[in-house]
file entry_23.cif (mmCIF, C-alpha atoms and all ligand atoms)
data_run
loop_
_atom_site.group_PDB
_atom_site.id
_atom_site.type_symbol
_atom_site.label_atom_id
_atom_site.label_comp_id
_atom_site.auth_asym_id
_atom_site.auth_seq_id
_atom_site.Cartn_x
_atom_site.Cartn_y
_atom_site.Cartn_z
ATOM 1 C CA MET A 1 123.917 90.317 162.734
ATOM 2 C CA GLU A 2 125.401 90.989 159.280
ATOM 3 C CA TYR A 3 123.140 89.683 156.523
ATOM 4 C CA VAL A 4 125.799 87.232 155.341
ATOM 5 C CA ASP A 5 125.866 85.775 158.857
ATOM 6 C CA GLU A 6 122.158 85.070 158.564
ATOM 7 C CA ILE A 7 122.924 83.079 155.397
ATOM 8 C CA ARG A 8 125.880 81.398 157.067
ATOM 9 C CA SER A 9 123.720 80.312 160.015
ATOM 10 C CA LEU A 10 121.720 77.839 157.920
ATOM 11 C CA GLY A 11 123.640 74.774 159.178
ATOM 12 C CA ASN A 12 123.069 75.712 162.818
ATOM 13 C CA GLN A 13 119.401 76.370 162.142
ATOM 14 C CA LEU A 14 119.015 72.733 161.119
ATOM 15 C CA SER A 15 119.776 71.693 164.720
ATOM 16 C CA PHE A 16 116.616 73.400 165.971
ATOM 17 C CA ARG A 17 114.873 70.820 168.161
ATOM 18 C CA GLY A 18 111.188 71.842 168.109
ATOM 19 C CA ASN A 19 108.688 70.033 165.919
ATOM 20 C CA ILE A 20 105.000 70.204 165.179
ATOM 21 C CA GLU A 21 102.886 67.446 166.684
ATOM 22 C CA VAL A 22 101.228 65.391 163.931
ATOM 23 C CA PRO A 23 97.907 63.700 164.827
ATOM 24 C CA SER A 24 97.666 60.222 163.274
ATOM 25 C CA GLU A 25 93.943 60.556 162.464
ATOM 26 C CA VAL A 26 94.340 63.270 159.804
ATOM 27 C CA ASP A 27 93.991 62.238 156.178
ATOM 28 C CA LYS A 28 95.287 65.379 154.420
ATOM 29 C CA ILE A 29 97.591 68.268 155.076
ATOM 30 C CA VAL A 30 97.222 71.941 154.223
ATOM 31 C CA ILE A 31 100.139 74.309 154.739
ATOM 32 C CA ALA A 32 99.640 78.058 154.649
ATOM 33 C CA GLY A 33 102.512 80.518 154.299
ATOM 34 C CA MET A 34 103.702 83.400 152.163
ATOM 35 C CA GLY A 35 107.069 84.321 150.675
ATOM 36 C CA GLY A 36 110.083 83.259 152.727
ATOM 37 C CA SER A 37 107.807 81.326 155.103
ATOM 38 C CA GLY A 38 105.825 79.675 152.325
ATOM 39 C CA ILE A 39 109.001 78.038 150.996
ATOM 40 C CA ALA A 40 108.993 75.696 154.021
ATOM 41 C CA GLY A 41 105.688 74.210 152.839
ATOM 42 C CA MET A 42 107.046 73.805 149.304
ATOM 43 C CA ILE A 43 110.113 71.944 150.580
ATOM 44 C CA PHE A 44 107.871 69.714 152.692
ATOM 45 C CA LYS A 45 105.691 68.952 149.690
ATOM 46 C CA ASP A 46 108.770 67.898 147.733
ATOM 47 C CA CYS A 47 109.679 65.459 150.534
ATOM 48 C CA TYR A 48 106.364 64.003 151.683
ATOM 49 C CA THR A 49 104.091 61.820 149.564
ATOM 50 C CA LYS A 50 102.153 59.671 152.041
ATOM 51 C CA LYS A 51 99.041 61.877 152.277
ATOM 52 C CA PRO A 52 97.736 64.655 150.043
ATOM 53 C CA VAL A 53 99.422 68.003 150.686
ATOM 54 C CA THR A 54 97.929 71.302 149.523
ATOM 55 C CA LEU A 55 99.747 74.604 149.812
ATOM 56 C CA VAL A 56 97.812 77.789 150.497
ATOM 57 C CA ASN A 57 99.321 81.143 149.646
ATOM 58 C CA SER A 58 96.390 83.467 149.831
ATOM 59 C CA TYR A 59 93.459 84.341 152.124
ATOM 60 C CA ASN A 60 91.251 81.428 151.133
ATOM 61 C CA ILE A 61 91.376 77.757 151.982
ATOM 62 C CA PRO A 62 90.108 74.823 149.901
ATOM 63 C CA ASP A 63 86.526 73.616 150.426
ATOM 64 C CA PHE A 64 87.766 70.194 151.568
ATOM 65 C CA VAL A 65 89.371 71.519 154.785
ATOM 66 C CA ASP A 66 87.588 69.765 157.670
ATOM 67 C CA SER A 67 88.215 68.111 161.028
ATOM 68 C CA SER A 68 90.402 65.412 159.401
ATOM 69 C CA THR A 69 92.757 68.051 157.998
ATOM 70 C CA LEU A 70 96.056 69.012 159.556
ATOM 71 C CA PHE A 71 96.440 72.728 158.871
ATOM 72 C CA VAL A 72 99.934 74.150 159.451
ATOM 73 C CA ALA A 73 100.313 77.928 159.430
ATOM 74 C CA ILE A 74 103.861 79.145 158.845
ATOM 75 C CA SER A 75 104.720 82.802 159.283
ATOM 76 C CA TYR A 76 108.045 84.055 160.557
ATOM 77 C CA SER A 77 106.608 87.327 161.871
ATOM 78 C CA GLY A 78 103.303 85.759 162.836
ATOM 79 C CA ASN A 79 101.554 88.810 161.428
ATOM 80 C CA THR A 80 101.115 88.088 157.716
ATOM 81 C CA GLU A 81 97.482 88.796 156.923
ATOM 82 C CA GLU A 82 96.900 86.117 154.294
ATOM 83 C CA THR A 83 98.229 83.403 156.631
ATOM 84 C CA LEU A 84 96.242 84.696 159.618
ATOM 85 C CA GLU A 85 93.036 84.870 157.606
ATOM 86 C CA ALA A 86 93.509 81.351 156.189
ATOM 87 C CA THR A 87 94.190 80.061 159.724
ATOM 88 C CA ARG A 88 91.015 81.635 161.100
ATOM 89 C CA LYS A 89 89.017 80.039 158.294
ATOM 90 C CA ALA A 90 90.607 76.616 158.921
ATOM 91 C CA ARG A 91 89.726 76.917 162.612
ATOM 92 C CA LYS A 92 86.075 77.562 161.738
ATOM 93 C CA ARG A 93 86.068 74.329 159.720
ATOM 94 C CA GLY A 94 87.363 72.394 162.717
ATOM 95 C CA ALA A 95 90.796 71.574 161.216
ATOM 96 C CA ARG A 96 93.633 70.497 163.516
ATOM 97 C CA ILE A 97 95.800 73.631 163.607
ATOM 98 C CA ARG A 98 99.548 73.897 164.141
ATOM 99 C CA ALA A 99 101.886 76.849 163.629
ATOM 100 C CA ILE A 100 105.561 77.684 163.210
ATOM 101 C CA THR A 101 106.413 81.312 164.007
ATOM 102 C CA THR A 102 108.500 83.690 166.111
ATOM 103 C CA GLY A 103 105.338 85.039 167.760
ATOM 104 C CA GLY A 104 102.975 87.783 166.611
ATOM 105 C CA LYS A 105 99.221 87.241 166.284
ATOM 106 C CA LEU A 106 99.713 83.713 165.000
ATOM 107 C CA ALA A 107 101.186 82.618 168.340
ATOM 108 C CA GLU A 108 98.172 84.178 170.049
ATOM 109 C CA ILE A 109 95.571 82.392 167.964
ATOM 110 C CA VAL A 110 97.260 78.965 167.696
ATOM 111 C CA GLU A 111 97.876 77.031 170.897
ATOM 112 C CA ASN A 112 101.302 75.449 171.314
ATOM 113 C CA ALA A 113 102.787 77.080 168.220
ATOM 114 C CA VAL A 114 106.411 76.048 167.621
ATOM 115 C CA ILE A 115 108.311 79.232 168.501
ATOM 116 C CA ILE A 116 111.502 79.736 166.495
ATOM 117 C CA PRO A 117 114.265 82.325 167.109
ATOM 118 C CA ASP A 118 113.629 85.889 165.950
ATOM 119 C CA GLY A 119 116.075 88.504 164.642
ATOM 120 C CA TYR A 120 116.431 87.111 161.111
ATOM 121 C CA GLN A 121 114.907 88.100 157.824
ATOM 122 C CA PRO A 122 112.145 85.497 157.307
ATOM 123 C CA ARG A 123 113.799 84.194 154.144
ATOM 124 C CA SER A 124 117.079 83.656 156.003
ATOM 125 C CA ALA A 125 115.296 81.509 158.594
ATOM 126 C CA VAL A 126 114.461 78.729 156.115
ATOM 127 C CA GLY A 127 116.091 76.091 158.361
ATOM 128 C CA PHE A 128 114.116 77.140 161.461
ATOM 129 C CA LEU A 129 110.925 77.283 159.412
ATOM 130 C CA THR A 130 111.306 73.903 157.704
ATOM 131 C CA VAL A 131 112.900 71.539 160.229
ATOM 132 C CA PRO A 132 109.932 71.505 162.699
ATOM 133 C CA LEU A 133 107.733 70.349 159.826
ATOM 134 C CA LEU A 134 110.123 67.668 158.558
ATOM 135 C CA ARG A 135 110.875 66.452 162.085
ATOM 136 C CA GLY A 136 107.172 66.316 162.968
ATOM 137 C CA PHE A 137 106.617 63.899 160.066
ATOM 138 C CA GLY A 138 109.796 61.920 160.765
ATOM 139 C CA LEU A 139 111.317 62.988 157.447
ATOM 140 C CA VAL A 140 114.745 63.832 158.846
ATOM 141 C CA ASP A 141 116.879 62.449 161.641
ATOM 142 C CA ASP A 142 119.826 63.699 163.672
ATOM 143 C CA SER A 143 122.448 61.910 161.610
ATOM 144 C CA GLU A 144 121.188 63.450 158.344
ATOM 145 C CA ILE A 145 121.197 66.840 160.010
ATOM 146 C CA GLU A 146 124.779 66.387 161.223
ATOM 147 C CA ILE A 147 125.961 65.297 157.770
ATOM 148 C CA THR A 148 124.211 68.253 156.125
ATOM 149 C CA LYS A 149 125.628 70.687 158.680
ATOM 150 C CA LYS A 150 129.134 69.453 157.854
ATOM 151 C CA LEU A 151 128.521 69.934 154.136
ATOM 152 C CA LEU A 152 127.185 73.447 154.721
ATOM 153 C CA SER A 153 130.088 74.425 156.963
ATOM 154 C CA GLY A 154 132.377 73.963 153.946
ATOM 155 C CA TYR A 155 131.203 77.261 152.420
ATOM 156 C CA ASP A 156 133.041 80.453 152.982
ATOM 157 C CA VAL A 157 132.474 83.819 151.384
ATOM 158 C CA SER A 158 136.134 84.369 150.678
ATOM 159 C CA VAL A 159 136.677 81.141 148.741
ATOM 160 C CA ASP A 160 133.250 80.476 147.349
ATOM 161 C CA PRO A 161 133.452 79.231 143.735
ATOM 162 C CA TYR A 162 129.892 80.393 143.101
ATOM 163 C CA ARG A 163 130.831 84.076 143.125
ATOM 164 C CA LYS A 164 131.766 83.802 139.460
ATOM 165 C CA PHE A 165 128.143 83.141 138.475
ATOM 166 C CA ALA A 166 127.095 86.422 140.077
ATOM 167 C CA ASP A 167 130.003 88.207 138.367
ATOM 168 C CA GLU A 168 128.919 86.879 134.959
ATOM 169 C CA MET A 169 125.260 87.708 135.507
ATOM 170 C CA TYR A 170 126.169 91.175 136.646
ATOM 171 C CA SER A 171 128.659 92.023 133.914
ATOM 172 C CA LYS A 172 126.238 90.910 131.174
ATOM 173 C CA GLN A 173 123.095 92.124 133.020
ATOM 174 C CA LYS A 174 121.465 88.717 132.702
ATOM 175 C CA ILE A 175 118.154 87.562 134.161
ATOM 176 C CA PRO A 176 118.426 84.268 136.057
ATOM 177 C CA VAL A 177 116.254 81.387 134.855
ATOM 178 C CA ILE A 178 116.359 78.388 137.176
ATOM 179 C CA PHE A 179 115.376 74.855 136.208
ATOM 180 C CA GLY A 180 114.457 72.455 138.995
ATOM 181 C CA THR A 181 114.296 68.671 138.827
ATOM 182 C CA PRO A 182 111.779 66.223 140.368
ATOM 183 C CA GLY A 183 111.692 66.562 144.149
ATOM 184 C CA PHE A 184 113.637 69.814 143.907
ATOM 185 C CA GLY A 185 111.137 72.272 142.401
ATOM 186 C CA SER A 186 110.960 74.065 145.756
ATOM 187 C CA VAL A 187 114.663 74.907 145.555
ATOM 188 C CA ALA A 188 114.371 76.320 142.043
ATOM 189 C CA TYR A 189 111.572 78.558 143.340
ATOM 190 C CA ARG A 190 113.653 79.450 146.393
ATOM 191 C CA TRP A 191 116.511 80.574 144.116
ATOM 192 C CA LYS A 192 114.055 82.752 142.180
ATOM 193 C CA THR A 193 112.724 84.408 145.325
ATOM 194 C CA GLN A 194 116.233 84.958 146.704
ATOM 195 C CA PHE A 195 117.266 86.667 143.454
ATOM 196 C CA ASN A 196 114.129 88.814 143.789
ATOM 197 C CA GLU A 197 114.537 89.823 147.420
ATOM 198 C CA ASN A 198 118.302 89.792 147.933
ATOM 199 C CA ALA A 199 119.572 91.018 144.547
ATOM 200 C CA LYS A 200 116.419 92.900 143.468
ATOM 201 C CA VAL A 201 116.306 91.285 140.022
ATOM 202 C CA LEU A 202 113.448 89.518 138.312
ATOM 203 C CA ALA A 203 113.998 85.796 137.952
ATOM 204 C CA TYR A 204 112.071 82.815 136.647
ATOM 205 C CA ALA A 205 111.822 79.236 137.873
ATOM 206 C CA THR A 206 110.393 76.136 136.246
ATOM 207 C CA SER A 207 111.176 72.415 136.426
ATOM 208 C CA PHE A 208 112.079 69.365 134.386
ATOM 209 C CA PRO A 209 110.300 67.429 132.922
ATOM 210 C CA GLU A 210 107.275 69.806 132.756
ATOM 211 C CA LEU A 211 109.315 72.572 131.090
ATOM 212 C CA ASN A 212 109.905 70.254 128.137
ATOM 213 C CA HIS A 213 106.208 70.570 127.322
ATOM 214 C CA ASN A 214 106.066 74.362 127.119
ATOM 215 C CA ASP A 215 109.160 76.460 127.980
ATOM 216 C CA THR A 216 111.222 74.427 125.526
ATOM 217 C CA MET A 217 109.617 76.267 122.602
ATOM 218 C CA ALA A 218 110.561 79.621 124.088
ATOM 219 C CA LEU A 219 114.032 78.460 125.075
ATOM 220 C CA GLU A 220 114.617 77.818 121.405
ATOM 221 C CA GLY A 221 112.689 80.755 119.957
ATOM 222 C CA THR A 222 112.389 83.630 122.411
ATOM 223 C CA TYR A 223 113.721 87.080 121.640
ATOM 224 C CA ARG A 224 116.794 88.363 123.499
ATOM 225 C CA LYS A 225 117.870 84.852 124.480
ATOM 226 C CA GLU A 226 121.303 86.214 125.311
ATOM 227 C CA GLU A 227 119.780 88.173 128.197
ATOM 228 C CA PHE A 228 119.065 85.082 130.297
ATOM 229 C CA TYR A 229 121.373 83.054 132.525
ATOM 230 C CA PHE A 230 120.188 79.462 132.714
ATOM 231 C CA PHE A 231 120.836 77.309 135.773
ATOM 232 C CA VAL A 232 119.801 73.723 136.377
ATOM 233 C CA LEU A 233 119.846 72.354 139.908
ATOM 234 C CA THR A 234 121.028 68.759 139.874
ATOM 235 C CA HIS A 235 122.112 66.264 142.498
ATOM 236 C CA PRO A 236 123.731 62.826 142.735
ATOM 237 C CA LEU A 237 120.305 61.139 142.997
ATOM 238 C CA LEU A 238 119.109 62.545 139.675
ATOM 239 C CA GLU A 239 117.196 60.100 137.456
ATOM 240 C CA LYS A 240 118.935 59.188 134.173
ATOM 241 C CA GLU A 241 115.889 60.273 132.185
ATOM 242 C CA ILE A 242 116.097 63.782 133.608
ATOM 243 C CA SER A 243 119.827 63.966 133.004
ATOM 244 C CA ASN A 244 119.191 63.074 129.345
ATOM 245 C CA ARG A 245 116.489 65.710 129.089
ATOM 246 C CA ILE A 246 118.851 68.398 130.353
ATOM 247 C CA LYS A 247 121.433 67.535 127.721
ATOM 248 C CA ILE A 248 118.924 67.225 124.877
ATOM 249 C CA THR A 249 117.196 70.491 125.859
ATOM 250 C CA SER A 250 120.476 72.344 125.913
ATOM 251 C CA ASP A 251 121.473 70.903 122.499
ATOM 252 C CA LEU A 252 118.119 71.399 120.764
ATOM 253 C CA CYS A 253 117.484 74.884 122.107
ATOM 254 C CA LYS A 254 121.135 75.922 121.746
ATOM 255 C CA ILE A 255 121.401 77.296 125.237
ATOM 256 C CA GLU A 256 124.192 76.962 127.729
ATOM 257 C CA ILE A 257 122.828 75.656 131.026
ATOM 258 C CA THR A 258 125.010 76.036 134.108
ATOM 259 C CA ARG A 259 124.701 73.039 136.387
ATOM 260 C CA VAL A 260 124.787 73.584 140.120
ATOM 261 C CA GLU A 261 124.974 70.322 142.021
ATOM 262 C CA GLY A 262 123.659 69.456 145.471
ATOM 263 C CA GLU A 263 125.742 67.414 147.866
ATOM 264 C CA GLY A 264 125.396 64.339 150.031
ATOM 265 C CA ALA A 265 123.433 61.134 149.700
ATOM 266 C CA THR A 266 119.926 62.196 150.712
ATOM 267 C CA GLN A 267 117.195 64.473 149.410
ATOM 268 C CA PHE A 268 117.505 66.522 152.620
ATOM 269 C CA SER A 269 121.253 67.216 152.243
ATOM 270 C CA ASN A 270 120.847 67.989 148.546
ATOM 271 C CA LEU A 271 117.916 70.338 149.148
ATOM 272 C CA PHE A 272 119.751 72.340 151.777
ATOM 273 C CA THR A 273 123.134 72.448 150.038
ATOM 274 C CA LEU A 274 121.402 73.700 146.885
ATOM 275 C CA ILE A 275 119.445 76.281 148.896
ATOM 276 C CA HIS A 276 122.701 77.490 150.428
ATOM 277 C CA LYS A 277 124.425 77.855 147.073
ATOM 278 C CA GLY A 278 121.520 79.894 145.712
ATOM 279 C CA ASP A 279 121.459 82.080 148.813
ATOM 280 C CA TYR A 280 125.133 82.926 148.327
ATOM 281 C CA ILE A 281 124.841 83.553 144.582
ATOM 282 C CA SER A 282 121.953 85.981 145.127
ATOM 283 C CA TYR A 283 123.913 87.633 147.926
ATOM 284 C CA TYR A 284 126.971 88.065 145.684
ATOM 285 C CA LEU A 285 124.779 89.515 142.948
ATOM 286 C CA ALA A 286 123.375 92.043 145.446
ATOM 287 C CA GLU A 287 126.944 92.991 146.394
ATOM 288 C CA LYS A 288 127.892 93.423 142.741
ATOM 289 C CA ARG A 289 124.829 95.561 142.083
ATOM 290 C CA GLY A 290 125.514 97.664 145.163
ATOM 291 C CA VAL A 291 122.079 96.950 146.651
ATOM 292 C CA ASP A 292 121.381 96.020 150.254
ATOM 293 C CA PRO A 293 120.416 92.318 150.275
ATOM 294 C CA ARG A 294 118.553 92.690 153.578
ATOM 295 C CA ASN A 295 116.342 95.568 152.435
ATOM 296 C CA VAL A 296 112.711 94.641 151.723
ATOM 297 C CA GLU A 297 111.337 98.121 152.408
ATOM 298 C CA ILE A 298 108.835 98.030 149.534
ATOM 299 C CA ILE A 299 107.320 94.746 150.803
ATOM 300 C CA GLU A 300 107.058 96.262 154.291
ATOM 301 C CA LYS A 301 105.519 99.460 152.933
ATOM 302 C CA LEU A 302 103.002 97.436 150.997
ATOM 303 C CA LYS A 303 102.038 95.496 154.145
ATOM 304 C CA ARG A 304 101.605 98.798 156.030
ATOM 305 C CA GLY A 305 99.652 100.208 153.087
ATOM 306 C CA LEU A 306 97.224 97.288 153.242
ATOM 307 C CA LYS A 307 96.606 98.190 156.890
ATOM 308 C CA GLY A 308 96.017 101.824 155.824
ATOM 309 C CA SER A 309 99.247 103.300 157.239
ATOM 310 C CA VAL A 310 101.957 103.709 154.558
HETATM 311 C C1 LIG B 1 111.226 88.721 154.013
HETATM 312 C C2 LIG B 1 110.614 87.692 153.194
HETATM 313 C C3 LIG B 1 109.164 87.787 152.833
HETATM 314 C C4 LIG B 1 108.267 87.276 153.982
HETATM 315 C C5 LIG B 1 106.793 87.357 153.585
HETATM 316 C C6 LIG B 1 105.855 86.775 154.625
HETATM 317 O O1 LIG B 1 112.515 88.311 154.364
HETATM 318 O O2 LIG B 1 111.284 86.779 152.811
HETATM 319 O O3 LIG B 1 108.975 87.014 151.675
HETATM 320 O O4 LIG B 1 108.621 85.973 154.314
HETATM 321 O O5 LIG B 1 106.446 88.699 153.349
HETATM 322 O O6 LIG B 1 106.131 87.252 155.914
HETATM 323 P P1 LIG B 1 106.285 86.226 157.099
HETATM 324 O O7 LIG B 1 107.393 85.319 156.716
HETATM 325 O O8 LIG B 1 106.614 87.057 158.301
HETATM 326 O O9 LIG B 1 104.959 85.532 157.227
#
call {"tool": "encode", "arguments": {"input": "entry_23.cif", "output": "structure tokens"}}
result
Amino acid sequence: MEYVDEIRSLGNQLSFRGNIEVPSEVDKIVIAGMGGSGIAGMIFKDCYTKKPVTLVNSYNIPDFVDSSTLFVAISYSGNTEETLEATRKARKRGARIRAITTGGKLAEIVENAVIIPDGYQPRSAVGFLTVPLLRGFGLVDDSEIEITKKLLSGYDVSVDPYRKFADEMYSKQKIPVIFGTPGFGSVAYRWKTQFNENAKVLAYATSFPELNHNDTMALEGTYRKEEFYFFVLTHPLLEKEISNRIKITSDLCKIEITRVEGEGATQFSNLFTLIHKGDYISYYLAEKRGVDPRNVEIIEKLKRGLKGSV
């Protein structure tokens, strides 16, 4: 599959039917996952507020993990050592364990793991990785998925209006800085990681309103301000207060902030349309730079190095 087809497949991924089984007796949720798999937990945390959710992206788990904890391990390959180690520790504490993976060791150590299709780069499988979590908690239904799929099917590489952002970033060698908004911080971070892995550029993500209490000073006063390309990810559900903050920040700090807007009437459709736009922009930037967006050789080498076989 061409890499762009992996990106294009996002809408179809949303139709994946599997879901994790959620026991009603748990009182907190811990989700472990790294990189492209970890994003699924971040998206979930943006959508779910009924019980405490803690994300784990290292080898260790919080002290509070116990038999009333639902522990969800997410790893596309099923072989990521931090996620495996955290899962083993959660098992020792008696947590209720679930997993979303294509297989690997994770599928061996977690019974009834949700098995998703393989053959993708983990970061391209964001739909497969996230939907079983959202479905398990009843956070998305078929009609929302159908509406979102329709919105996503409107994109096409040949006519995409977002190519111009990549052209501008490339021609002026700018570093992307992405501002999220409440309930959408995961997408800002997703954009950052897609710029990192697809286009091989450093990028930075932060969110309103928190950024107004720290970054704002640097947005006004940093050196080489002209070397950054500022995006803000907005959506039709955006609170008026946040909209005001965006305008005031841009005026006070004298920076131009490019707005990219999500689509549809729900958080789900806006999250996934914004993810899709960022995926394409990072893909176009990779094309412009002449780098292979699929290639993550250094990450793979590092993983082999950790196992003592570079
Ligand atoms: C590769 C990618 C990486 C991986 C990460 C964890 O496309 O996006 O960020 O997702 O190295 O590996 P998995 O997802 O297999 O647990």
call {"tool": "residues_near_ligand", "arguments": {"input": "entry_23.cif", "ligand": "ligand LIG 1 (chain B)", "cutoff": "10 Å", "atoms": "only C-alpha atoms and all ligand atoms", "output": "NGL selection string"}}
result
:A and (32-39 or 57 or 73-84 or 100-104 or 106 or 120-126 or 129 or 193-194 or 196-198 or 293-297 or 299-300 or 302-303)
call {"tool": "write_last_selection", "arguments": {"input": "entry_23.cif", "atoms": "C-alpha atoms", "output": "PDB file, keeping the file's coordinate frame"}}
result
ATOM      1  CA  ALA A  32      99.640  78.058 154.649  1.00  0.00           C
ATOM      2  CA  GLY A  33     102.512  80.518 154.299  1.00  0.00           C
ATOM      3  CA  MET A  34     103.702  83.400 152.163  1.00  0.00           C
ATOM      4  CA  GLY A  35     107.069  84.321 150.675  1.00  0.00           C
ATOM      5  CA  GLY A  36     110.083  83.259 152.727  1.00  0.00           C
ATOM      6  CA  SER A  37     107.807  81.326 155.103  1.00  0.00           C
ATOM      7  CA  GLY A  38     105.825  79.675 152.325  1.00  0.00           C
ATOM      8  CA  ILE A  39     109.001  78.038 150.996  1.00  0.00           C
ATOM      9  CA  ASN A  57      99.321  81.143 149.646  1.00  0.00           C
ATOM     10  CA  ALA A  73     100.313  77.928 159.430  1.00  0.00           C
ATOM     11  CA  ILE A  74     103.861  79.145 158.845  1.00  0.00           C
ATOM     12  CA  SER A  75     104.720  82.802 159.283  1.00  0.00           C
ATOM     13  CA  TYR A  76     108.045  84.055 160.557  1.00  0.00           C
ATOM     14  CA  SER A  77     106.608  87.327 161.871  1.00  0.00           C
ATOM     15  CA  GLY A  78     103.303  85.759 162.836  1.00  0.00           C
ATOM     16  CA  ASN A  79     101.554  88.810 161.428  1.00  0.00           C
ATOM     17  CA  THR A  80     101.115  88.088 157.716  1.00  0.00           C
ATOM     18  CA  GLU A  81      97.482  88.796 156.923  1.00  0.00           C
ATOM     19  CA  GLU A  82      96.900  86.117 154.294  1.00  0.00           C
ATOM     20  CA  THR A  83      98.229  83.403 156.631  1.00  0.00           C
ATOM     21  CA  LEU A  84      96.242  84.696 159.618  1.00  0.00           C
ATOM     22  CA  ILE A 100     105.561  77.684 163.210  1.00  0.00           C
ATOM     23  CA  THR A 101     106.413  81.312 164.007  1.00  0.00           C
ATOM     24  CA  THR A 102     108.500  83.690 166.111  1.00  0.00           C
ATOM     25  CA  GLY A 103     105.338  85.039 167.760  1.00  0.00           C
ATOM     26  CA  GLY A 104     102.975  87.783 166.611  1.00  0.00           C
ATOM     27  CA  LEU A 106      99.713  83.713 165.000  1.00  0.00           C
ATOM     28  CA  TYR A 120     116.431  87.111 161.111  1.00  0.00           C
ATOM     29  CA  GLN A 121     114.907  88.100 157.824  1.00  0.00           C
ATOM     30  CA  PRO A 122     112.145  85.497 157.307  1.00  0.00           C
ATOM     31  CA  ARG A 123     113.799  84.194 154.144  1.00  0.00           C
ATOM     32  CA  SER A 124     117.079  83.656 156.003  1.00  0.00           C
ATOM     33  CA  ALA A 125     115.296  81.509 158.594  1.00  0.00           C
ATOM     34  CA  VAL A 126     114.461  78.729 156.115  1.00  0.00           C
ATOM     35  CA  LEU A 129     110.925  77.283 159.412  1.00  0.00           C
ATOM     36  CA  THR A 193     112.724  84.408 145.325  1.00  0.00           C
ATOM     37  CA  GLN A 194     116.233  84.958 146.704  1.00  0.00           C
ATOM     38  CA  ASN A 196     114.129  88.814 143.789  1.00  0.00           C
ATOM     39  CA  GLU A 197     114.537  89.823 147.420  1.00  0.00           C
ATOM     40  CA  ASN A 198     118.302  89.792 147.933  1.00  0.00           C
ATOM     41  CA  PRO A 293     120.416  92.318 150.275  1.00  0.00           C
ATOM     42  CA  ARG A 294     118.553  92.690 153.578  1.00  0.00           C
ATOM     43  CA  ASN A 295     116.342  95.568 152.435  1.00  0.00           C
ATOM     44  CA  VAL A 296     112.711  94.641 151.723  1.00  0.00           C
ATOM     45  CA  GLU A 297     111.337  98.121 152.408  1.00  0.00           C
ATOM     46  CA  ILE A 299     107.320  94.746 150.803  1.00  0.00           C
ATOM     47  CA  GLU A 300     107.058  96.262 154.291  1.00  0.00           C
ATOM     48  CA  LEU A 302     103.002  97.436 150.997  1.00  0.00           C
ATOM     49  CA  LYS A 303     102.038  95.496 154.145  1.00  0.00           C
TER      50      LYS A 303
END
call {"tool": "closest_residue", "arguments": {"input": "entry_23.cif", "among": "A:Ile147, A:Val72, A:Ile61, A:Leu274", "to": "Gly41 in chain A", "atoms": "only C-alpha atoms"}}
result
A:Val72
call {"tool": "resolve_selection", "arguments": {"input": "entry_23.cif", "expression": "the PyMOL selection byres (((chain A and resi 7) around 8) and not hetatm)", "output": "list in words"}}
result
Tyr3, Val4, Asp5, Glu6, Arg8, Ser9, Leu10, Ser124, His276, Asp279 and Tyr280 of chain A
call {"tool": "residues_around", "arguments": {"input": "entry_23.cif", "residues": "range 169-171 of chain A", "least_positions_apart": "4", "cutoff": "7 Å", "atoms": "only C-alpha atoms", "output": "ChimeraX atom specification"}}
result
/A:165,229,285,288
call {"tool": "residues_around", "arguments": {"input": "entry_23.cif", "residues": "Lys164 in chain A", "least_positions_apart": "4", "cutoff": "9 Å", "atoms": "only C-alpha atoms", "output": "list of chain:residue names"}}
result
A:Asp160, A:Glu168, A:Met169, A:Ile281, A:Tyr284
call {"tool": "resolve_selection", "arguments": {"input": "entry_23.cif", "expression": "the PyMOL selection byres (((chain A and resi 69) around 7) and not hetatm)", "output": "JSON, numbers by chain"}}
result
{"A": [26, 27, 28, 29, 65, 66, 67, 68, 70, 71, 95, 96]}
call {"tool": "axis_aligned_box", "arguments": {"input": "entry_23.cif", "around": "range 83-88 of chain A", "padding_each_side": "6 Å", "output": "AutoDock Vina command-line options"}}
result
--center_x 94.6 --center_y 82.5 --center_z 158.6 --size_x 19.2 --size_y 16.8 --size_z 16.9
call {"tool": "resolve_selection", "arguments": {"input": "entry_23.cif", "expression": "the PyMOL selection byres (((chain A and resi 246-257) around 10) and not hetatm)", "output": "ChimeraX atom specification"}}
result
/A:177-179,181,208-209,211-212,216-221,225-226,228-234,240-245,258-260
call {"tool": "residues_around", "arguments": {"input": "entry_23.cif", "residues": "Cys47 in chain A", "least_positions_apart": "3", "cutoff": "7 Å", "atoms": "only C-alpha atoms", "output": "PyMOL selection string"}}
result
chain A and resi 43-44+183
